[in-house]
Structures are given as C-alpha cells and as structure tokens.
file work.cif (mmCIF, C-alpha atoms)
data_input
loop_
_atom_site.label_atom_id
_atom_site.label_comp_id
_atom_site.auth_asym_id
_atom_site.auth_seq_id
_atom_site.Cartn_x
_atom_site.Cartn_y
_atom_site.Cartn_z
CA MET I 75 19.88 88.33 -66.99
CA ASP I 76 20.33 87.74 -63.26
CA MET I 77 17.70 89.66 -61.34
CA ARG I 78 20.20 91.38 -59.07
CA LYS I 79 22.47 92.43 -61.94
CA LEU I 80 19.36 93.69 -63.64
CA THR I 81 18.52 95.77 -60.60
CA VAL I 82 21.99 97.32 -60.74
CA THR I 83 21.54 98.26 -64.38
CA VAL I 84 18.08 99.70 -63.91
CA VAL I 85 18.90 101.69 -60.81
CA SER I 86 22.25 102.87 -62.16
CA THR I 87 20.53 104.06 -65.30
CA ALA I 88 18.00 105.91 -63.20
CA LEU I 89 20.89 107.54 -61.34
CA LEU I 90 22.62 108.67 -64.52
CA THR I 91 19.55 109.99 -66.26
CA SER I 92 17.84 111.74 -63.39
CA ALA I 93 18.91 115.32 -62.82
CA SER I 94 17.92 115.16 -59.17
CA ALA I 95 18.77 111.56 -58.57
CA THR I 96 20.42 111.65 -55.17
CA PHE I 97 17.98 113.58 -53.04
CA ALA I 98 14.72 113.33 -54.94
CA ALA I 99 12.00 111.02 -53.73
CA LEU I 100 12.22 107.60 -55.32
CA ASP I 101 9.64 106.80 -57.95
CA ASP I 102 7.30 103.94 -57.15
CA LYS I 103 8.85 101.47 -59.59
CA THR I 104 12.35 102.00 -58.22
CA ALA I 105 11.19 101.86 -54.60
CA ASP I 106 9.23 98.66 -55.24
CA ALA I 107 12.23 97.08 -56.96
CA ILE I 108 14.46 97.95 -54.00
CA ILE I 109 11.95 96.54 -51.51
CA ILE I 110 11.57 93.26 -53.40
CA ALA I 111 15.35 92.92 -53.84
CA CYS I 112 15.97 93.44 -50.10
CA GLU I 113 13.10 91.14 -49.07
CA ARG I 114 14.62 88.45 -51.27
CA LEU I 115 18.01 89.06 -49.65
CA MET I 116 16.50 88.43 -46.22
CA ALA I 117 14.95 85.15 -47.41
CA ASP I 118 18.29 84.16 -48.95
CA TYR I 119 20.03 84.98 -45.67
CA ALA I 120 17.65 82.70 -43.75
CA VAL I 121 17.61 79.74 -46.16
CA TYR I 122 21.37 79.72 -46.83
CA ARG I 123 22.10 79.98 -43.10
CA ASP I 124 19.75 77.11 -42.30
CA ARG I 125 21.32 74.90 -44.97
CA LEU I 126 24.88 75.91 -44.02
CA ASP I 127 25.44 77.12 -47.59
CA ALA I 128 28.42 79.26 -46.62
CA ASP I 129 29.11 80.61 -50.12
CA GLY I 130 25.48 81.53 -50.75
CA TRP I 131 25.18 83.06 -47.30
CA ALA I 132 28.36 85.14 -47.57
CA ASP I 133 27.25 86.33 -51.00
CA THR I 134 24.24 88.06 -49.46
CA PHE I 135 26.72 90.50 -47.82
CA THR I 136 28.92 93.26 -49.24
CA GLU I 137 32.67 92.63 -49.31
CA ASP I 138 33.18 94.82 -46.23
CA ALA I 139 29.94 94.02 -44.42
CA VAL I 140 29.62 93.91 -40.65
CA LEU I 141 27.63 91.11 -39.02
CA VAL I 142 26.93 91.40 -35.31
CA LEU I 143 25.75 88.17 -33.71
CA GLY I 144 25.61 86.99 -30.12
CA SER I 145 28.84 85.07 -30.74
CA GLY I 146 30.76 88.15 -31.85
CA THR I 147 31.24 90.69 -34.61
CA TYR I 148 32.36 89.54 -38.04
CA GLN I 149 33.90 92.10 -40.40
CA GLY I 150 34.08 91.33 -44.10
CA ARG I 151 32.67 88.63 -46.34
CA ASP I 152 35.55 86.24 -45.67
CA ALA I 153 35.01 86.35 -41.90
CA ILE I 154 31.27 85.91 -42.38
CA LEU I 155 31.84 82.94 -44.66
CA ALA I 156 34.27 81.37 -42.18
CA ASN I 157 31.68 81.69 -39.40
CA LEU I 158 29.30 79.38 -41.25
CA ALA I 159 31.85 77.17 -43.00
CA SER I 160 33.37 76.20 -39.65
CA ARG I 161 30.15 74.62 -38.38
CA PRO I 162 29.80 70.83 -38.41
CA THR I 163 27.93 69.23 -41.31
CA PRO I 164 25.39 67.91 -42.05
CA ALA I 165 23.50 70.85 -40.63
CA VAL I 166 21.32 70.28 -37.59
CA ALA I 167 17.71 71.23 -38.28
CA HIS I 168 17.54 75.01 -37.99
CA LEU I 169 14.83 77.38 -39.20
CA ILE I 170 14.99 81.16 -39.32
CA MET I 171 11.28 81.81 -39.72
CA LEU I 172 10.99 85.40 -40.92
CA THR I 173 7.69 87.08 -40.10
CA SER I 174 7.50 90.89 -40.32
CA VAL I 175 10.03 92.25 -42.82
CA LYS I 176 9.93 96.01 -43.31
CA ILE I 177 12.24 97.51 -45.91
CA THR I 178 12.70 101.27 -46.14
CA PRO I 179 14.45 102.54 -49.29
CA ILE I 180 16.63 105.52 -48.42
CA ASP I 181 17.89 106.43 -51.88
CA GLU I 182 18.85 104.64 -55.10
CA THR I 183 21.75 102.83 -53.46
CA SER I 184 20.82 102.28 -49.83
CA ALA I 185 17.97 100.91 -47.77
CA ALA I 186 17.30 99.87 -44.19
CA GLY I 187 15.31 96.97 -42.80
CA ILE I 188 13.80 95.66 -39.60
CA SER I 189 12.87 91.99 -39.58
CA TYR I 190 11.44 89.64 -36.97
CA ALA I 191 12.18 85.94 -36.89
CA ILE I 192 11.20 82.93 -34.82
CA ILE I 193 14.18 80.60 -34.47
CA LEU I 194 13.91 76.83 -34.14
CA ASN I 195 17.25 75.17 -33.44
CA GLY I 196 17.44 71.37 -33.30
CA ASP I 197 20.09 68.99 -32.02
CA ARG I 198 20.43 66.76 -35.08
CA PRO I 199 19.86 66.83 -38.84
CA VAL I 200 16.46 65.93 -40.31
CA GLY I 201 16.60 64.81 -43.93
CA PRO I 202 13.64 64.59 -46.34
CA GLY I 203 11.28 61.98 -44.93
CA GLY I 204 13.30 61.63 -41.73
CA PRO I 205 11.77 61.63 -38.23
CA PRO I 206 11.11 65.15 -36.90
CA ILE I 207 12.69 66.48 -33.73
CA GLN I 208 10.37 66.68 -30.74
CA MET I 209 10.47 70.18 -29.31
CA GLU I 210 8.30 71.75 -26.65
CA GLY I 211 8.41 75.33 -27.92
CA ILE I 212 10.38 77.81 -29.93
CA THR I 213 14.08 78.41 -29.33
CA SER I 214 14.07 82.21 -29.58
CA VAL I 215 12.74 85.30 -31.28
CA ASN I 216 15.18 87.78 -32.80
CA VAL I 217 15.03 91.17 -34.46
CA TYR I 218 17.43 91.83 -37.33
CA HIS I 219 18.49 95.43 -37.87
CA THR I 220 19.82 95.55 -41.39
CA GLU I 221 21.38 98.02 -43.80
CA PHE I 222 21.45 97.29 -47.52
CA ALA I 223 23.66 98.74 -50.26
CA LEU I 224 23.56 98.57 -54.04
CA THR I 225 26.91 97.26 -55.25
CA ALA I 226 28.34 96.21 -58.61
CA GLU I 227 27.06 92.71 -57.73
CA GLY I 228 23.55 93.92 -56.96
CA TRP I 229 21.85 94.61 -53.64
CA ARG I 230 23.71 93.26 -50.64
CA ILE I 231 23.56 93.44 -46.84
CA SER I 232 26.15 95.95 -45.67
CA ARG I 233 25.43 95.62 -41.95
CA MET I 234 23.29 93.32 -39.88
CA GLU I 235 22.90 93.33 -36.12
CA LEU I 236 20.92 90.64 -34.38
CA GLU I 237 18.93 91.63 -31.32
CA PRO I 238 17.77 88.66 -29.23
CA VAL I 239 14.39 89.50 -27.71
CA PHE I 240 12.82 86.26 -26.40
CA ARG I 241 14.29 82.93 -25.32
CA GLY I 242 11.92 79.95 -25.49
CA PRO I 243 12.05 76.45 -24.01
CA GLY I 244 12.99 74.74 -27.31
CA LEU I 245 16.35 73.12 -27.93
CA ALA I 246 19.21 75.52 -28.54
CA MET U 179 34.80 102.82 -97.47
CA HIS U 180 32.15 100.18 -97.84
CA ALA U 181 29.04 100.93 -95.79
CA ILE U 182 29.40 97.76 -93.75
CA PHE U 183 32.79 98.91 -92.43
CA ARG U 184 31.44 102.35 -91.53
CA LEU U 185 28.58 100.79 -89.57
CA ALA U 186 30.67 98.15 -87.82
CA PRO U 187 31.83 100.36 -84.90
CA LEU U 188 28.23 101.47 -84.26
CA ALA U 189 27.03 97.86 -84.29
CA LEU U 190 29.79 96.92 -81.86
CA ILE U 191 28.81 99.71 -79.49
CA LEU U 192 25.15 98.69 -79.65
CA CYS U 193 26.07 95.08 -78.91
CA LEU U 194 28.23 96.04 -75.94
CA ALA U 195 25.56 98.38 -74.61
CA GLY U 196 23.20 95.46 -74.13
CA PRO U 197 19.47 95.86 -73.63
CA SER U 198 18.00 99.32 -73.33
CA PRO U 199 17.00 100.65 -69.88
CA ALA U 200 13.35 100.22 -70.86
CA GLN U 201 13.97 96.57 -71.71
CA ASP U 202 15.85 96.13 -68.42
CA MET U 203 13.00 97.63 -66.44
CA ASP U 204 10.49 95.45 -68.27
CA GLU U 205 12.53 92.35 -67.47
CA LEU U 206 12.90 93.36 -63.83
CA MET U 207 9.15 93.94 -63.60
CA ARG U 208 8.49 90.50 -65.10
CA THR U 209 10.85 88.88 -62.59
CA ASN U 210 9.24 90.69 -59.69
CA ALA U 211 5.78 89.76 -60.97
CA ILE U 212 6.76 86.08 -60.86
CA VAL U 213 8.10 86.44 -57.31
CA THR U 214 4.94 88.21 -56.18
CA ALA U 215 2.62 85.69 -57.88
CA CYS U 216 4.40 82.73 -56.27
CA GLU U 217 4.45 84.42 -52.86
CA ARG U 218 0.68 84.88 -53.17
CA LEU U 219 0.32 81.18 -53.93
CA GLU U 220 2.17 80.48 -50.68
CA HIS U 221 -0.25 82.62 -48.68
CA ASP U 222 -3.30 81.16 -50.46
CA TYR U 223 -1.96 77.69 -49.69
CA ALA U 224 -1.95 78.47 -45.96
CA ILE U 225 -5.31 80.24 -45.81
CA PHE U 226 -7.27 77.75 -47.94
CA ARG U 227 -5.74 74.89 -45.94
CA ASP U 228 -6.66 76.55 -42.64
CA ARG U 229 -10.24 77.09 -43.80
CA GLY U 230 -10.57 73.57 -45.14
CA ASP U 231 -11.53 75.00 -48.54
CA ALA U 232 -10.69 71.84 -50.46
CA GLU U 233 -11.76 73.16 -53.87
CA ALA U 234 -9.73 76.36 -53.67
CA PHE U 235 -6.78 74.53 -52.15
CA ALA U 236 -6.71 71.90 -54.92
CA ASN U 237 -6.97 74.63 -57.56
CA LEU U 238 -3.69 76.14 -56.35
CA PHE U 239 -2.04 73.18 -58.05
CA THR U 240 -1.70 72.41 -61.75
CA GLU U 241 -4.14 69.78 -63.06
CA ASP U 242 -1.48 67.10 -62.57
CA GLY U 243 0.15 68.78 -59.56
CA GLU U 244 1.91 66.67 -56.93
CA TRP U 245 1.83 67.32 -53.20
CA GLY U 246 3.17 65.45 -50.23
CA ARG U 247 6.08 64.09 -48.29
CA PRO U 248 8.92 62.20 -49.93
CA THR U 249 7.24 58.94 -48.86
CA THR U 250 3.61 59.80 -49.71
CA VAL U 251 2.68 61.88 -52.74
CA LEU U 252 -0.82 62.86 -53.87
CA LYS U 253 -1.10 63.29 -57.63
CA GLY U 254 -3.66 65.52 -59.33
CA ARG U 255 -6.23 68.04 -58.11
CA GLU U 256 -8.88 65.42 -57.42
CA ALA U 257 -6.68 63.46 -55.01
CA ILE U 258 -5.59 66.66 -53.26
CA ARG U 259 -9.18 67.89 -52.92
CA GLU U 260 -10.36 64.58 -51.49
CA TYR U 261 -7.51 64.56 -48.97
CA ILE U 262 -8.37 68.03 -47.68
CA GLU U 263 -12.07 67.14 -47.47
CA SER U 264 -11.34 63.99 -45.48
CA SER U 265 -8.89 65.73 -43.14
CA SER U 266 -11.49 68.42 -42.38
CA ALA U 267 -14.15 65.87 -41.37
CA GLY U 268 -13.18 65.43 -37.69
CA PRO U 269 -14.08 67.51 -34.62
CA PRO U 270 -13.73 71.26 -35.19
CA GLU U 271 -10.19 72.49 -34.74
CA ALA U 272 -8.53 75.86 -34.95
CA HIS U 273 -5.72 75.50 -37.46
CA LEU U 274 -3.32 78.21 -38.54
CA GLN U 275 -0.41 77.62 -40.85
CA LEU U 276 1.85 80.61 -40.33
CA GLN U 277 3.85 81.00 -43.52
CA THR U 278 7.16 82.58 -42.60
CA THR U 279 10.30 82.62 -44.75
CA VAL U 280 9.54 82.36 -48.47
CA GLN U 281 12.39 82.22 -50.98
CA ILE U 282 11.22 82.34 -54.63
CA THR U 283 13.70 81.80 -57.46
CA PRO U 284 12.41 82.50 -60.98
CA VAL U 285 13.91 80.04 -63.47
CA ASP U 286 12.41 81.39 -66.71
CA ASP U 287 9.21 83.10 -67.84
CA THR U 288 7.04 80.06 -67.01
CA THR U 289 8.88 78.28 -64.18
CA ALA U 290 10.03 79.14 -60.66
CA THR U 291 11.17 77.25 -57.59
CA GLY U 292 10.63 78.02 -53.94
CA ILE U 293 11.56 77.11 -50.39
CA SER U 294 9.15 78.08 -47.64
CA TYR U 295 8.80 77.52 -43.92
CA ALA U 296 5.60 77.12 -41.93
CA LEU U 297 4.78 77.04 -38.25
CA VAL U 298 1.47 75.30 -37.55
CA LEU U 299 -0.75 75.98 -34.54
CA GLU U 300 -3.60 73.54 -33.99
CA ALA U 301 -6.03 72.92 -31.13
CA PRO U 302 -9.62 71.74 -30.60
CA ILE U 303 -12.18 74.52 -30.55
CA PRO U 304 -13.76 74.57 -27.09
CA GLU U 305 -17.54 74.36 -26.68
CA GLU U 306 -17.69 78.02 -25.73
CA GLY U 307 -15.89 78.92 -28.96
CA LEU U 308 -12.62 80.62 -29.83
CA PRO U 309 -9.98 81.28 -28.74
CA ALA U 310 -8.53 77.79 -28.49
CA THR U 311 -5.68 77.19 -26.08
CA VAL U 312 -2.17 76.31 -27.21
CA VAL U 313 1.04 75.92 -25.28
CA GLY U 314 3.46 75.39 -28.15
CA PHE U 315 3.36 74.87 -31.88
CA GLN U 316 2.13 71.66 -33.52
CA VAL U 317 4.71 71.25 -36.29
CA ALA U 318 7.31 73.29 -38.16
CA SER U 319 8.06 72.30 -41.73
CA GLU U 320 10.05 73.16 -44.83
CA SER U 321 8.43 72.93 -48.27
CA ARG U 322 10.21 72.75 -51.60
CA SER U 323 8.04 73.73 -54.57
CA THR U 324 8.08 74.24 -58.29
CA TYR U 325 5.63 76.68 -59.84
CA LYS U 326 4.41 76.80 -63.43
CA LEU U 327 2.64 79.47 -65.43
CA THR U 328 -0.50 77.88 -66.89
CA ASP U 329 -3.55 79.13 -68.77
CA GLU U 330 -5.11 79.64 -65.32
CA GLY U 331 -2.14 81.65 -64.04
CA TRP U 332 0.72 80.58 -61.78
CA LYS U 333 0.12 77.23 -60.07
CA ILE U 334 2.05 74.82 -57.87
CA ALA U 335 3.34 71.95 -60.01
CA THR U 336 5.11 70.02 -57.26
CA ARG U 337 5.36 70.53 -53.53
CA GLU U 338 7.24 68.30 -51.14
CA TYR U 339 7.45 69.04 -47.45
CA THR U 340 9.51 67.78 -44.55
CA THR U 341 8.39 68.16 -40.95
CA LEU U 342 11.50 69.22 -39.04
CA PHE U 343 10.02 69.86 -35.60
CA VAL U 344 6.96 68.46 -33.85
CA ASP U 345 5.31 69.01 -30.48
CA PRO U 346 5.96 66.01 -28.18
CA GLU U 347 2.29 65.94 -27.14
#
call {"tool": "encode", "arguments": {"input": "work.cif", "output": "structure tokens"}}
result
Amino acid sequence: MDMRKLTVTVVSTALLTSASATFAALDDKTADAIIIACERLMADYAVYRDRLDADGWADTFTEDAVLVLGSGTYQGRDAILANLASRPTPAVAHLIMLTSVKITPIDETSAAGISYAIILNGDRPVGPGGPPIQMEGITSVNVYHTEFALTAEGWRISRMELEPVFRGPGLA
Amino acid sequence: MHAIFRLAPLALILCLAGPSPAQDMDELMRTNAIVTACERLEHDYAIFRDRGDAEAFANLFTEDGEWGRPTTVLKGREAIREYIESSSAGPPEAHLQLQTTVQITPVDDTTATGISYALVLEAPIPEEGLPATVVGFQVASESRSTYKLTDEGWKIATREYTTLFVDPE
C-alpha cells in the first residue's frame, strides 16, 4: 500500500477510535508518522521542483493550496502546476538544498513546518557526467513557512510561503 | 440456506475492509523504518568520508556495491576502500560534506531508492590548526542511490553522483 494512503488509514482510524481524538495530545507513534510524512513531502517538493516534474510537484499540494513565492501567489493545484510546467526544459541545474526541517504536528490532520534551504541556481542544464557549472558562491538562502493537511490523498502542503533571507553571489 | 451463502456477505465485508488498523500501523512503521535506515546511511556516508575512515565508508556499501560517476565506477568494497585511503593521503584538509535534501523511496521490504544533495566545503588546514578559511563551496552534487537490506542491515548497492556546481578556483 502507498505510504501516504497508509498514513491516511492509520490516522483516520485513530480519529474514529479515540474518544478524545481532536484535542488530546498525539501519541508518539502518530506524531512520528506525521513528522516523517511531512519531512518526506518537503524532500519531494525540493526534488520535483529541481527536476521540473510539474505533476509530482503539484501533487505535494492540496487541491486548494496557496503557494507564495517571490514571483507571486498561486492559488490551487492547477495554478501551482502551471507555474512549473511553463518553465523551459530541459531544466537548468537547480538545487533546493534543505537543511533544518522542523515539523510540528498540531493534531491528527494538521501540522506546521519551518525549513531552511540553500539555493543554487545555474544558467544551463547539467546532465549525468556533464561538465559542472562554475559558480563563485550560493545563489540564496530561503526559509519556507509551511502548513500541512491530511487529505483523502494523504498528507499534503496546504500553504507554503517562501521568505528570502540571504542573496549570494552565485548565478540566479 | 447453505452455510457458504450465509457467510458470503461477511466475507465480502472483510475483503472490502482491507487490512486491520494494526496491520496498517505495522506496515507504516516498516516503511518509516526503511526511510530512517537509508537516511542514516546518507549521514554515515558524509561523516565517514569527511573523516577519511575508509573501512567504515566501504562497509556502507554491499559487498559488490558500486560507487562513482557515470563515467567512472568503482565496484566492490575493496576498490572503494582503496580509493578513500588514497584520496586521504595528501596534505591535511578540512573536508565537510553537508548532506542536505534526502528523498528516500521504499520500493519493497528489501529495496529502496534515493536522491540526495550535498554541498562540500574543503580547504587546507593551516599550520596553526582549525578553522580553515573558505570563501565559497567546493562542489555541489546530486547522488542517485539504490539501497538493499542485507544480512548486515541496509547498505548502499549502487550510488552514482553528478557534480552540478563547482568553485571556479
């Protein structure tokens, strides 16, 4: 069974069987499962974005998610997908290098996250075995403020707002 | 009514209900255990490499594990160990491989795949000792790995990396 569908089943079952499900403290197993699911979502967000996998990227969000980037605010999965699908391919070398990722479960169906990332943004693609791009430093450092929700599809990002904190000398 | 017809609706309900919550939780725990084990391999990879611990580094791989770039691949623990030993033989350098994004995808109970990014800082250690001075990073790379569950635990079966960015110096 898909891990995310499995999470839905397990957490939904916990909801139905627990008399004090909504406001009680989460048990360790449930909290750990939420944290791992949301950490994996953040990694998916980064890798799919870097590879310009628009479908995979959009699927990390809820249907009505809000994504706030420097280029604008995108409401809904379709708008988020279009944002990535409209970019030229093959993808220029781009790495969202996640460092600190802190996930805070709120209840059985919601969580919040703060994540730091170093961004390296190149000016051309680099395929396997291809020559690397020379770059004198990082491009930027961002903080991602994220809200997660448990949906029928599993855990998804319901809101993400990017906060640019540092700009480096590297290509943009 | 024949017993089989009386039991049929119950059997149908049981089939539709799928695995029990306990089974679901067990399966989720197994999946998360694979993710955690492979993430730990990623961190061990960086730390053993940084310390030049050739034996421990080589043992992260399966006996016949493969490691390298698309153009140059080392095969087997012995070749990997010898490479790390030889690359640690020069003047003392501070070397930190900062593992960043790690995406682990369990395939089944004994196999997983992963994509991971690393930012490498490297500089000669000055005569007066650490800290070494850096201006930028040395390289940034993407690795694509497969992991296997062996008698020794989870190990890296194949790992191929591409250097995407490099310091001009």
call {"tool": "resolve_selection", "arguments": {"input": "work.cif", "expression": "the PyMOL selection byres ((chain U) within 8 of (chain I))", "output": "PyMOL selection string"}}
result
chain U and resi 199+202-203+205-207+209-210+247-249+277-282+293+295-296+313-315+339-346
call {"tool": "resolve_selection", "arguments": {"input": "work.cif", "expression": "the PyMOL selection byres ((chain U and resi 251-265) around 6)", "output": "PDB file with C-alpha atoms, keeping the file's coordinate frame"}}
result
ATOM      1  CA  ALA U 232     -10.690  71.840 -50.460  1.00  0.00           C
ATOM      2  CA  GLU U 233     -11.760  73.160 -53.870  1.00  0.00           C
ATOM      3  CA  ALA U 236      -6.710  71.900 -54.920  1.00  0.00           C
ATOM      4  CA  GLU U 241      -4.140  69.780 -63.060  1.00  0.00           C
ATOM      5  CA  ASP U 242      -1.480  67.100 -62.570  1.00  0.00           C
ATOM      6  CA  GLY U 243       0.150  68.780 -59.560  1.00  0.00           C
ATOM      7  CA  GLU U 244       1.910  66.670 -56.930  1.00  0.00           C
ATOM      8  CA  TRP U 245       1.830  67.320 -53.200  1.00  0.00           C
ATOM      9  CA  GLY U 246       3.170  65.450 -50.230  1.00  0.00           C
ATOM     10  CA  THR U 250       3.610  59.800 -49.710  1.00  0.00           C
ATOM     11  CA  SER U 266     -11.490  68.420 -42.380  1.00  0.00           C
ATOM     12  CA  ALA U 267     -14.150  65.870 -41.370  1.00  0.00           C
TER      13      ALA U 267
END
call {"tool": "atom_distance", "arguments": {"input": "work.cif", "atom1": "atom CA of Ala290 of chain U", "atom2": "atom CA of Ala234 of chain U"}}
result
21.1 Å
call {"tool": "resolve_selection", "arguments": {"input": "work.cif", "expression": "the PyMOL selection byres ((chain I and resi 127) around 12)", "output": "count of residues only"}}
result
28
call {"tool": "atom_distance", "arguments": {"input": "work.cif", "atom1": "atom CA of Val140 of chain I", "atom2": "atom CA of Ile193 of chain I"}}
result
21.3 Å
call {"tool": "atom_distance", "arguments": {"input": "work.cif", "atom1": "atom CA of Ser319 of chain U", "atom2": "atom CA of Thr213 of chain I"}}
result
15.1 Å
call {"tool": "closest_residue", "arguments": {"input": "work.cif", "among": "U:Gly268, U:Pro302, U:Gly292, U:Pro284", "to": "Thr336 of chain U", "atoms": "all atoms listed in the file"}}
result
U:Gly292
call {"tool": "residues_near_point", "arguments": {"input": "work.cif", "point": "(-0.5, 82.4, -59.0)", "cutoff": "12 Å", "atoms": "all atoms listed in the file", "output": "number ranges by chain"}}
result
U: 211-223, 237-240, 288-290, 324-335
call {"tool": "residues_around", "arguments": {"input": "work.cif", "residues": "Thr311 of chain U", "least_positions_apart": "4", "cutoff": "9 Å", "atoms": "all atoms listed in the file", "output": "NGL selection string"}}
result
:U and (300-304)
call {"tool": "axis_aligned_box", "arguments": {"input": "work.cif", "around": "segment 211-224 of chain U", "padding_each_side": "4 Å", "output": "JSON"}}
result
{"center_x": 2.4, "center_y": 83.7, "center_z": -53.5, "size_x": 19.4, "size_y": 20.1, "size_z": 23.0}
call {"tool": "closest_residue", "arguments": {"input": "work.cif", "among": "I:Ile180, I:Ile188, I:Leu141, I:Ile108", "to": "Val217 of chain I", "atoms": "only C-alpha atoms"}}
result
I:Ile188
call {"tool": "closest_residue", "arguments": {"input": "work.cif", "among": "I:Ala223, I:Val215, I:Leu100, I:Leu245", "to": "Ala185 of chain I", "atoms": "only C-alpha atoms"}}
result
I:Ala223
call {"tool": "residues_around", "arguments": {"input": "work.cif", "residues": "Gly187 of chain I", "least_positions_apart": "6", "cutoff": "7 Å", "atoms": "only C-alpha atoms", "output": "ChimeraX atom specification"}}
result
/I:176-178,219-221
call {"tool": "decode", "arguments": {"input": "work.cif", "residues": "segment 104-184 of chain I", "atoms": "C-alpha atoms", "output": "CSV table (one decimal), in the first residue's frame"}}
result
chain,number,residue,atom,x,y,z
I,104,THR,CA,1.1,9.1,15.4
I,105,ALA,CA,3.3,12.2,15.9
I,106,ASP,CA,6.4,10.4,14.5
I,107,ALA,CA,4.4,9.2,11.5
I,108,ILE,CA,3.2,12.8,10.8
I,109,ILE,CA,6.7,14.2,11.1
I,110,ILE,CA,8.2,11.6,8.7
I,111,ALA,CA,5.3,12.1,6.2
I,112,CYS,CA,5.8,15.9,6.2
I,113,GLU,CA,9.6,15.7,6.1
I,114,ARG,CA,9.2,13.4,3.0
I,115,LEU,CA,6.8,16.0,1.5
I,116,MET,CA,9.5,18.7,1.8
I,117,ALA,CA,12.1,16.5,0.1
I,118,ASP,CA,9.6,15.7,-2.6
I,119,TYR,CA,8.9,19.4,-3.0
I,120,ALA,CA,12.6,20.1,-3.5
I,121,VAL,CA,13.5,17.3,-5.8
I,122,TYR,CA,10.4,17.6,-8.1
I,123,ARG,CA,10.9,21.4,-8.3
I,124,ASP,CA,14.6,20.9,-9.3
I,125,ARG,CA,13.7,18.4,-11.9
I,126,LEU,CA,10.7,20.4,-13.2
I,127,ASP,CA,8.5,17.4,-12.6
I,128,ALA,CA,5.3,19.6,-12.6
I,129,ASP,CA,2.9,16.7,-11.9
I,130,GLY,CA,4.9,15.4,-9.0
I,131,TRP,CA,5.5,18.9,-7.6
I,132,ALA,CA,1.8,19.9,-7.8
I,133,ASP,CA,0.8,16.6,-6.1
I,134,THR,CA,2.7,17.6,-3.0
I,135,PHE,CA,0.0,20.3,-2.5
I,136,THR,CA,-3.7,20.1,-1.6
I,137,GLU,CA,-6.2,20.9,-4.3
I,138,ASP,CA,-6.8,24.4,-2.8
I,139,ALA,CA,-3.3,25.1,-1.6
I,140,VAL,CA,-1.7,28.5,-1.5
I,141,LEU,CA,1.9,29.0,-2.6
I,142,VAL,CA,3.5,32.3,-2.0
I,143,LEU,CA,6.7,32.9,-4.0
I,144,GLY,CA,8.7,36.0,-4.9
I,145,SER,CA,7.1,35.8,-8.3
I,146,GLY,CA,3.6,35.9,-7.0
I,147,THR,CA,0.9,34.0,-5.2
I,148,TYR,CA,-0.5,30.8,-6.7
I,149,GLN,CA,-3.9,29.5,-5.5
I,150,GLY,CA,-4.8,25.9,-6.2
I,151,ARG,CA,-3.0,22.9,-7.5
I,152,ASP,CA,-3.7,23.8,-11.2
I,153,ALA,CA,-2.1,27.2,-10.8
I,154,ILE,CA,0.9,25.7,-9.0
I,155,LEU,CA,1.3,23.1,-11.7
I,156,ALA,CA,1.2,25.7,-14.4
I,157,ASN,CA,3.9,27.7,-12.6
I,158,LEU,CA,6.4,24.9,-13.1
I,159,ALA,CA,5.1,23.5,-16.3
I,160,SER,CA,5.6,26.8,-18.1
I,161,ARG,CA,9.3,26.8,-17.5
I,162,PRO,CA,11.7,25.9,-20.3
I,163,THR,CA,13.0,22.4,-20.5
I,164,PRO,CA,15.4,20.7,-20.0
I,165,ALA,CA,15.7,22.2,-16.6
I,166,VAL,CA,18.7,24.4,-15.8
I,167,ALA,CA,20.7,23.0,-12.9
I,168,HIS,CA,18.9,24.0,-9.7
I,169,LEU,CA,19.2,22.6,-6.2
I,170,ILE,CA,17.0,23.3,-3.2
I,171,MET,CA,19.3,22.1,-0.5
I,172,LEU,CA,17.1,21.6,2.6
I,173,THR,CA,19.0,21.9,5.9
I,174,SER,CA,17.0,22.4,9.1
I,175,VAL,CA,13.4,21.0,8.7
I,176,LYS,CA,11.3,21.3,11.8
I,177,ILE,CA,7.8,19.7,11.7
I,178,THR,CA,5.3,20.4,14.4
I,179,PRO,CA,2.2,18.2,14.5
I,180,ILE,CA,-0.8,20.2,15.6
I,181,ASP,CA,-3.4,17.4,15.6
I,182,GLU,CA,-4.3,14.3,13.6
I,183,THR,CA,-4.9,16.2,10.4
I,184,SER,CA,-2.7,19.3,10.5
